[in-house]
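Participant: First the structure, then my questions, so here it is.
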There are 2 protein chains.
Amino acid sequence: MGFDYSSALTHLMGHVMKLYRHNVDLLIQAYDVYPGQPPLLIRLAESDGQIQQELARKLTIKPATMTVMINRMVKTGLVERRNDPQDQRVSRVFLTEKGRRAEKAVREALREIEETCFAHFTPEEKVLFRRLLLQMHTDLEELQSSRHASAEICKERFE
Amino acid sequence: MGFDYSSALTHLMGHVMKLYRHNVDLLIQAYDVYPGQPPLLIRLAESDGQIQQELARKLTIKPATMTVMINRMVKTGLVERRNDPQDQRVSRVFLTEKGRRAEKAVREALREIEETCFAHFTPEEKVLFRRLLLQMHTDLEELQSSRHASAEICKERFE
DNA sequence: TCAATTTCATTAGTCGGCTAAACGAAGGGA
DNA sequence: TCCCTTCGTTTAGCCGACTAATGAAATTGA
């Protein structure tokens, strides 16, 4: 009973993340970059010509999502696909010149927003904040895998 | 330059929120409830028969999004629309019996996950965590409105 | 060598969010 | 009264994420 969702910390956290994303959007749309694309641009700038599966793994999204995202970014001219002569299954993704320029601007925008977000945090608070987030992450993964495990047991029972 | 997006706190925070949402999904899908719907169910349980605009305001989503969400929930039998005899423009939204049962289960699931998230936080850490999130929220809103203001000035200059 | 399996990518269909434009009802002013 | 505006909702179309099913190339094994 007495669980007040409105005052939950996760609720507040989701709210802040939404506001964060909105701020990012406002700053990047001038470069033909859409909200989900900054991480991909940044990963490509770190290492051009990666294959889609690897990129999907790094962004923690599914390969199918990556395919669609890249299609759109090809259309807006930020990236291009090239076939790998060694393996015809894979396609390697490269930044175009426009993509390279966009990446610089977008990373600068992210830096600026990051700075704003934590402008009033003391160094100790930032360290603590990170530790708390990592703690949440650990416990959520634990919860997920424990549920997964019990589902497996259920499955076994029916086989 | 030296902005390493991968080690940004916002990046970590987004990652944790994604994991959170995934955990929620796993627990609620048994009740025909989809990821965005729990907040709506909970708001309706607090006060049945609200109009869509009011609900959209409370969930901080756009009325158009609310229309589509409610269409789906009507289809899965969680809620129903009724016309307001006083004002033919609005439609009031009510929980069905199934919706009421789902709301109870979903809120319990959210409570459980919330508990897991913060199981290893001391009371002081929870208080601090909330304060830090609110600080971020304040600064992000400030950033957004300042940019809005400068955009207005730009606009004026061209008129 | 050739069939079976694995692997990477794509397509189709769904949900959640948005904007822009349209539509219908309610209200207000001349 | 009638037109104009405002207001709530809806529709269409886009991006981001997912799953499930399919396609096509590479690899494995008999």
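By order in the structure tokens, chains are A, B, ...; within a chain, residues start at 1; ligands start at 1, following the order shown.
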Can you list, as a PDB file with C-alpha atoms, in the first residue's frame, all residues belonging to region 22-120 of chain A that DSSP tags as strand (DSSP E or B)?
Facilitator:
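Below you can see states12.pdb, which holds the result:
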```
ATOM      1  CA  GLN A  50      33.342  -0.110 -36.782  1.00  0.00           C
ATOM      2  CA  ILE A  51      30.739  -2.726 -37.649  1.00  0.00           C
ATOM      3  CA  VAL A  79      27.658   8.773 -41.780  1.00  0.00           C
ATOM      4  CA  GLU A  80      28.177   6.325 -44.601  1.00  0.00           C
ATOM      5  CA  ARG A  81      28.275   2.549 -44.905  1.00  0.00           C
ATOM      6  CA  ARG A  82      31.050   0.673 -46.638  1.00  0.00           C
ATOM      7  CA  ASN A  83      31.244  -3.014 -47.336  1.00  0.00           C
ATOM      8  CA  SER A  91      28.950  -3.249 -43.084  1.00  0.00           C
ATOM      9  CA  ARG A  92      31.367  -0.762 -41.609  1.00  0.00           C
ATOM     10  CA  VAL A  93      30.220   2.702 -40.614  1.00  0.00           C
ATOM     11  CA  PHE A  94      32.236   5.884 -41.200  1.00  0.00           C
ATOM     12  CA  LEU A  95      31.720   9.522 -40.339  1.00  0.00           C
TER      13      LEU A  95
END
```
Participant: Neighbouring residues of region 19-23 of chain D were defined as those with any atom within 9 Å, considering only C-alpha atoms (C1' of nucleotides); residues of the same chain fewer than 3 positions away were excluded. Please report them as a list of chain:residue names.
Facilitator: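 Skipping anything fewer than 3 positions along the chain leaves C:DA9, C:DT10, C:DT11, C:DA12, C:DT14.
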Participant: Restricting it to N, CA and C atoms (P, O5', C5', C4', C3', O3' and C1' of nucleotides), dump the selection as a PDB file, in the first residue's frame.
Facilitator:
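Generated output (selection_13.pdb):
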```pdb
ATOM      1  P    DA C   9      26.793  -6.062 -38.811  1.00  0.00           P
ATOM      2  O5'  DA C   9      25.445  -6.157 -39.631  1.00  0.00           O
ATOM      3  C5'  DA C   9      25.529  -6.460 -41.017  1.00  0.00           C
ATOM      4  C4'  DA C   9      24.151  -6.506 -41.640  1.00  0.00           C
ATOM      5  C3'  DA C   9      23.280  -5.285 -41.360  1.00  0.00           C
ATOM      6  O3'  DA C   9      23.008  -4.664 -42.609  1.00  0.00           O
ATOM      7  C1'  DA C   9      22.078  -7.322 -41.027  1.00  0.00           C
ATOM      8  P    DT C  10      22.079  -3.344 -42.650  1.00  0.00           P
ATOM      9  O5'  DT C  10      20.610  -3.931 -42.886  1.00  0.00           O
ATOM     10  C5'  DT C  10      20.372  -4.745 -44.031  1.00  0.00           C
ATOM     11  C4'  DT C  10      18.959  -5.309 -43.988  1.00  0.00           C
ATOM     12  C3'  DT C  10      17.856  -4.259 -43.865  1.00  0.00           C
ATOM     13  O3'  DT C  10      17.016  -4.378 -45.012  1.00  0.00           O
ATOM     14  C1'  DT C  10      17.491  -6.084 -42.400  1.00  0.00           C
ATOM     15  P    DT C  11      15.885  -3.294 -45.290  1.00  0.00           P
ATOM     16  O5'  DT C  11      14.557  -4.014 -44.775  1.00  0.00           O
ATOM     17  C5'  DT C  11      14.241  -5.310 -45.255  1.00  0.00           C
ATOM     18  C4'  DT C  11      12.974  -5.818 -44.564  1.00  0.00           C
ATOM     19  C3'  DT C  11      11.869  -4.780 -44.399  1.00  0.00           C
ATOM     20  O3'  DT C  11      10.663  -5.333 -44.892  1.00  0.00           O
ATOM     21  C1'  DT C  11      12.346  -5.826 -42.325  1.00  0.00           C
ATOM     22  P    DA C  12       9.352  -4.430 -45.027  1.00  0.00           P
ATOM     23  O5'  DA C  12       8.481  -4.937 -43.791  1.00  0.00           O
ATOM     24  C5'  DA C  12       8.369  -6.333 -43.528  1.00  0.00           C
ATOM     25  C4'  DA C  12       7.508  -6.568 -42.305  1.00  0.00           C
ATOM     26  C3'  DA C  12       6.426  -5.514 -42.072  1.00  0.00           C
ATOM     27  O3'  DA C  12       5.291  -6.151 -41.518  1.00  0.00           O
ATOM     28  C1'  DA C  12       7.845  -5.558 -40.218  1.00  0.00           C
ATOM     29  P    DT C  14       1.163  -4.064 -35.463  1.00  0.00           P
ATOM     30  O5'  DT C  14       1.724  -3.581 -34.039  1.00  0.00           O
ATOM     31  C5'  DT C  14       2.050  -4.540 -33.041  1.00  0.00           C
ATOM     32  C4'  DT C  14       2.876  -3.880 -31.947  1.00  0.00           C
ATOM     33  C3'  DT C  14       2.278  -2.587 -31.417  1.00  0.00           C
ATOM     34  O3'  DT C  14       1.723  -2.768 -30.121  1.00  0.00           O
ATOM     35  C1'  DT C  14       4.647  -2.427 -31.737  1.00  0.00           C
TER      36       DT C  14
END
```
Participant: Using only C-alpha atoms (C1' of nucleotides), determine which residues lie at most 12 Å from DG29 (chain C), disregarding the query and same-chain residues fewer than 5 positions distant; provide the list as a ChimeraX atom specification.
Facilitator: /D:1-5
Participant: Using only C-alpha atoms (C1' of nucleotides), I'd like a table of the residues in chain D that come within 12 Å of chain A; for each, show the closest atom pair and its distance in Å rounded to one decimal, ordered by chain and ascending number, as a tab-separated table.
Facilitator:
```
residue	atom	partner	partner_atom	distance
D:DC14	C1'	A:Tyr34	CA	10.8
D:DC15	C1'	A:Tyr34	CA	7.3
D:DG16	C1'	A:Gly36	CA	6.4
D:DA17	C1'	A:Thr65	CA	6.9
D:DC18	C1'	A:Lys62	CA	7.9
D:DT19	C1'	A:Ala64	CA	9.6
D:DA20	C1'	A:Ala64	CA	11.1
D:DG23	C1'	A:Arg89	CA	10.7
D:DA24	C1'	A:Arg89	CA	7.3
D:DA25	C1'	A:Arg89	CA	5.2
D:DA26	C1'	A:Asp87	CA	7.6
D:DT27	C1'	A:Asp87	CA	11.8
```
Participant: Neighbours of Asp4 (chain B) within 10 Å (only C-alpha atoms (C1' of nucleotides); same-chain residues fewer than 5 positions away dropped), as a list in words?
Facilitator: Ile42, Arg107, Leu110 and Arg111 of chain A
Participant: Go ahead and save the picked residues with N, CA and C atoms, as a short mmCIF file (atom, residue, chain, number, x, y, z; two decimals), in the first residue's frame.
Facilitator:
```cif
data_model
loop_
_atom_site.label_atom_id
_atom_site.label_comp_id
_atom_site.auth_asym_id
_atom_site.auth_seq_id
_atom_site.Cartn_x
_atom_site.Cartn_y
_atom_site.Cartn_z
N ILE A 42 29.91 10.03 -31.28
CA ILE A 42 31.09 10.07 -30.43
C ILE A 42 31.89 8.78 -30.52
N ARG A 107 29.64 17.15 -29.06
CA ARG A 107 30.39 16.81 -27.83
C ARG A 107 30.59 18.05 -27.00
N LEU A 110 27.37 18.65 -25.16
CA LEU A 110 27.22 17.72 -24.04
C LEU A 110 28.11 18.14 -22.87
N ARG A 111 29.30 18.58 -23.20
CA ARG A 111 30.22 19.04 -22.16
C ARG A 111 29.61 20.20 -21.39
#
```
Participant: Let's see if you can do this: from backbone DSSP, list all helix (DSSP H, G or I) residues in region 80-156 of chain A, as a ChimeraX atom specification.
Facilitator: /A:97-117,123-156
Participant: Only C-alpha atoms, please: the residues just picked out, written as a PDB file, in the first residue's frame.
Facilitator:
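Saved as selection_1.pdb:
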```pdb
ATOM      1  CA  GLU A  97      32.896  15.376 -43.103  1.00  0.00           C
ATOM      2  CA  LYS A  98      29.553  16.713 -41.967  1.00  0.00           C
ATOM      3  CA  GLY A  99      29.396  14.001 -39.348  1.00  0.00           C
ATOM      4  CA  ARG A 100      32.839  14.923 -38.105  1.00  0.00           C
ATOM      5  CA  ARG A 101      31.859  18.556 -37.740  1.00  0.00           C
ATOM      6  CA  ALA A 102      28.599  17.583 -36.038  1.00  0.00           C
ATOM      7  CA  GLU A 103      30.425  15.343 -33.592  1.00  0.00           C
ATOM      8  CA  LYS A 104      32.669  18.177 -32.473  1.00  0.00           C
ATOM      9  CA  ALA A 105      29.735  20.506 -31.921  1.00  0.00           C
ATOM     10  CA  VAL A 106      27.640  17.873 -30.208  1.00  0.00           C
ATOM     11  CA  ARG A 107      30.385  16.813 -27.835  1.00  0.00           C
ATOM     12  CA  GLU A 108      30.950  20.419 -26.921  1.00  0.00           C
ATOM     13  CA  ALA A 109      27.221  20.798 -26.238  1.00  0.00           C
ATOM     14  CA  LEU A 110      27.221  17.721 -24.036  1.00  0.00           C
ATOM     15  CA  ARG A 111      30.217  19.039 -22.157  1.00  0.00           C
ATOM     16  CA  GLU A 112      28.451  22.335 -21.573  1.00  0.00           C
ATOM     17  CA  ILE A 113      25.301  20.660 -20.290  1.00  0.00           C
ATOM     18  CA  GLU A 114      27.289  18.308 -18.114  1.00  0.00           C
ATOM     19  CA  GLU A 115      29.013  21.301 -16.605  1.00  0.00           C
ATOM     20  CA  THR A 116      25.698  22.974 -15.911  1.00  0.00           C
ATOM     21  CA  CYS A 117      24.232  19.851 -14.342  1.00  0.00           C
ATOM     22  CA  PRO A 123      33.888  17.345  -5.803  1.00  0.00           C
ATOM     23  CA  GLU A 124      32.919  15.098  -2.911  1.00  0.00           C
ATOM     24  CA  GLU A 125      29.292  15.198  -3.957  1.00  0.00           C
ATOM     25  CA  LYS A 126      30.176  14.191  -7.487  1.00  0.00           C
ATOM     26  CA  VAL A 127      32.158  11.248  -6.213  1.00  0.00           C
ATOM     27  CA  LEU A 128      29.338  10.245  -3.917  1.00  0.00           C
ATOM     28  CA  PHE A 129      26.755  10.686  -6.661  1.00  0.00           C
ATOM     29  CA  ARG A 130      28.680   8.346  -8.912  1.00  0.00           C
ATOM     30  CA  ARG A 131      29.032   5.811  -6.153  1.00  0.00           C
ATOM     31  CA  LEU A 132      25.299   5.913  -5.440  1.00  0.00           C
ATOM     32  CA  LEU A 133      24.439   5.459  -9.102  1.00  0.00           C
ATOM     33  CA  LEU A 134      26.791   2.502  -9.346  1.00  0.00           C
ATOM     34  CA  GLN A 135      25.176   1.030  -6.256  1.00  0.00           C
ATOM     35  CA  MET A 136      21.746   1.344  -7.875  1.00  0.00           C
ATOM     36  CA  HIS A 137      23.092  -0.237 -11.016  1.00  0.00           C
ATOM     37  CA  THR A 138      24.501  -3.188  -9.121  1.00  0.00           C
ATOM     38  CA  ASP A 139      21.295  -3.803  -7.230  1.00  0.00           C
ATOM     39  CA  LEU A 140      19.131  -3.499 -10.339  1.00  0.00           C
ATOM     40  CA  GLU A 141      21.279  -6.002 -12.192  1.00  0.00           C
ATOM     41  CA  GLU A 142      21.096  -8.291  -9.228  1.00  0.00           C
ATOM     42  CA  LEU A 143      17.303  -8.011  -9.177  1.00  0.00           C
ATOM     43  CA  GLN A 144      17.099  -8.707 -12.876  1.00  0.00           C
ATOM     44  CA  SER A 145      19.330 -11.739 -12.837  1.00  0.00           C
ATOM     45  CA  SER A 146      17.625 -13.186  -9.778  1.00  0.00           C
ATOM     46  CA  ARG A 147      14.302 -12.933 -11.567  1.00  0.00           C
ATOM     47  CA  HIS A 148      15.897 -14.415 -14.652  1.00  0.00           C
ATOM     48  CA  ALA A 149      17.203 -17.289 -12.569  1.00  0.00           C
ATOM     49  CA  SER A 150      13.830 -18.041 -11.043  1.00  0.00           C
ATOM     50  CA  ALA A 151      12.280 -17.956 -14.513  1.00  0.00           C
ATOM     51  CA  GLU A 152      14.843 -20.496 -15.636  1.00  0.00           C
ATOM     52  CA  ILE A 153      13.908 -22.751 -12.738  1.00  0.00           C
ATOM     53  CA  CYS A 154      10.255 -22.460 -13.694  1.00  0.00           C
ATOM     54  CA  LYS A 155      11.131 -23.395 -17.224  1.00  0.00           C
ATOM     55  CA  GLU A 156      13.114 -26.434 -16.156  1.00  0.00           C
TER      56      GLU A 156
END
```
Participant: Kindly indicate which residue among C:DA30, C:DA20, C:DT7, C:DT1 lies nearest to chain A, using only C-alpha atoms (C1' of nucleotides) for the distances.
Facilitator: C:DT7
Participant: From the list A:Gln53, A:Thr122, A:Asn71, A:Gln86, which residue is nearest chain B when using only C-alpha atoms?
Facilitator: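 Among the listed residues, A:Thr122 lies closest to chain B.
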Participant: Out of B:Tyr31, B:Gly49, B:Met73, B:Leu59, which residue has the shortest atom-to-atom distance to chain A when counting only C-alpha atoms?
Facilitator: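 With only C-alpha atoms as the atom set, the closest residue is B:Leu59.
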Participant: Which residues come within 10 Å of DT6 (chain D), counting only C-alpha atoms (C1' of nucleotides), excluding same-chain residues fewer than 5 positions away, as a PyMOL selection string?
Facilitator: chain C and resi 26-28
Participant: Between CA of His120 (chain A) and CA of Leu19 (chain B), what is the distance in Å, rounded to a tenth?
Facilitator: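 We find that CA of His120 (chain A) and CA of Leu19 (chain B) lie 26.9 Å from each other.
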Participant: Ranking C:DC15, C:DA22, C:DC2, C:DC8 by minimum distance to chain B and counting only C-alpha atoms (C1' of nucleotides), which one comes first?
Facilitator: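 Using only C-alpha atoms (C1' of nucleotides), chain B sits closest to C:DC15.
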Participant: Can you pull out the residues contacting DT28 (chain D)? Cut-off 10 Å, using only C-alpha atoms (C1' of nucleotides), and skip same-chain residues under 4 positions away; I want them as a ChimeraX atom specification.
Facilitator: /C:4-6
Participant: May I have the residues from that selection written out with N, CA and C atoms (P, O5', C5', C4', C3', O3' and C1' of nucleotides), as a PDB file, in the first residue's frame?
Facilitator:
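Result written to selection-v1.pdb:
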```pdb
ATOM      1  P    DA C   4      20.670 -30.470 -44.238  1.00  0.00           P
ATOM      2  O5'  DA C   4      21.331 -29.860 -42.923  1.00  0.00           O
ATOM      3  C5'  DA C   4      22.227 -30.668 -42.155  1.00  0.00           C
ATOM      4  C4'  DA C   4      22.875 -29.811 -41.081  1.00  0.00           C
ATOM      5  C3'  DA C   4      21.907 -28.866 -40.366  1.00  0.00           C
ATOM      6  O3'  DA C   4      22.142 -28.921 -38.969  1.00  0.00           O
ATOM      7  C1'  DA C   4      23.687 -27.619 -41.288  1.00  0.00           C
ATOM      8  P    DT C   5      21.231 -28.032 -37.929  1.00  0.00           P
ATOM      9  O5'  DT C   5      22.251 -26.910 -37.462  1.00  0.00           O
ATOM     10  C5'  DT C   5      23.605 -27.282 -37.152  1.00  0.00           C
ATOM     11  C4'  DT C   5      24.454 -26.051 -36.972  1.00  0.00           C
ATOM     12  C3'  DT C   5      23.802 -24.935 -36.149  1.00  0.00           C
ATOM     13  O3'  DT C   5      24.721 -24.521 -35.149  1.00  0.00           O
ATOM     14  C1'  DT C   5      24.641 -24.067 -38.174  1.00  0.00           C
ATOM     15  P    DT C   6      24.220 -23.612 -33.889  1.00  0.00           P
ATOM     16  O5'  DT C   6      25.062 -22.283 -34.117  1.00  0.00           O
ATOM     17  C5'  DT C   6      26.448 -22.412 -34.429  1.00  0.00           C
ATOM     18  C4'  DT C   6      26.908 -21.159 -35.147  1.00  0.00           C
ATOM     19  C3'  DT C   6      26.516 -19.858 -34.438  1.00  0.00           C
ATOM     20  O3'  DT C   6      27.711 -19.164 -34.135  1.00  0.00           O
ATOM     21  C1'  DT C   6      26.097 -19.734 -36.768  1.00  0.00           C
TER      22       DT C   6
END
```
Participant: Mind pulling up the distance from CA of Lys58 (chain A) to CA of Leu40 (chain A)?
Facilitator: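 Interatomic distance, CA of Leu40 (chain A) to CA of Lys58 (chain A): 8.8 Å.
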Participant: Output as an mmCIF file with C-alpha atoms (C1' of nucleotides), in the first residue's frame the set of chain C residues within 8 Å of chain B, with distances taken over only C-alpha atoms (C1' of nucleotides).
Facilitator:
```
data_model
loop_
_atom_site.group_PDB
_atom_site.id
_atom_site.type_symbol
_atom_site.label_atom_id
_atom_site.label_comp_id
_atom_site.auth_asym_id
_atom_site.auth_seq_id
_atom_site.Cartn_x
_atom_site.Cartn_y
_atom_site.Cartn_z
ATOM 1 C "C1'" DC C 15 5.056 1.085 -27.847
ATOM 2 C "C1'" DG C 16 6.531 5.906 -26.121
ATOM 3 C "C1'" DG C 17 7.736 10.402 -27.139
ATOM 4 C "C1'" DC C 18 7.466 14.579 -30.128
ATOM 5 C "C1'" DG C 24 -15.179 20.158 -33.533
ATOM 6 C "C1'" DA C 25 -17.235 22.229 -29.605
ATOM 7 C "C1'" DA C 26 -17.499 26.274 -26.449
#
```
Participant: From the list A:Ala119, A:Thr96, A:Val33, A:Arg57, which residue is nearest chain B when using only C-alpha atoms?
Facilitator: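 That would be A:Ala119, the residue with the smallest distance to chain B.
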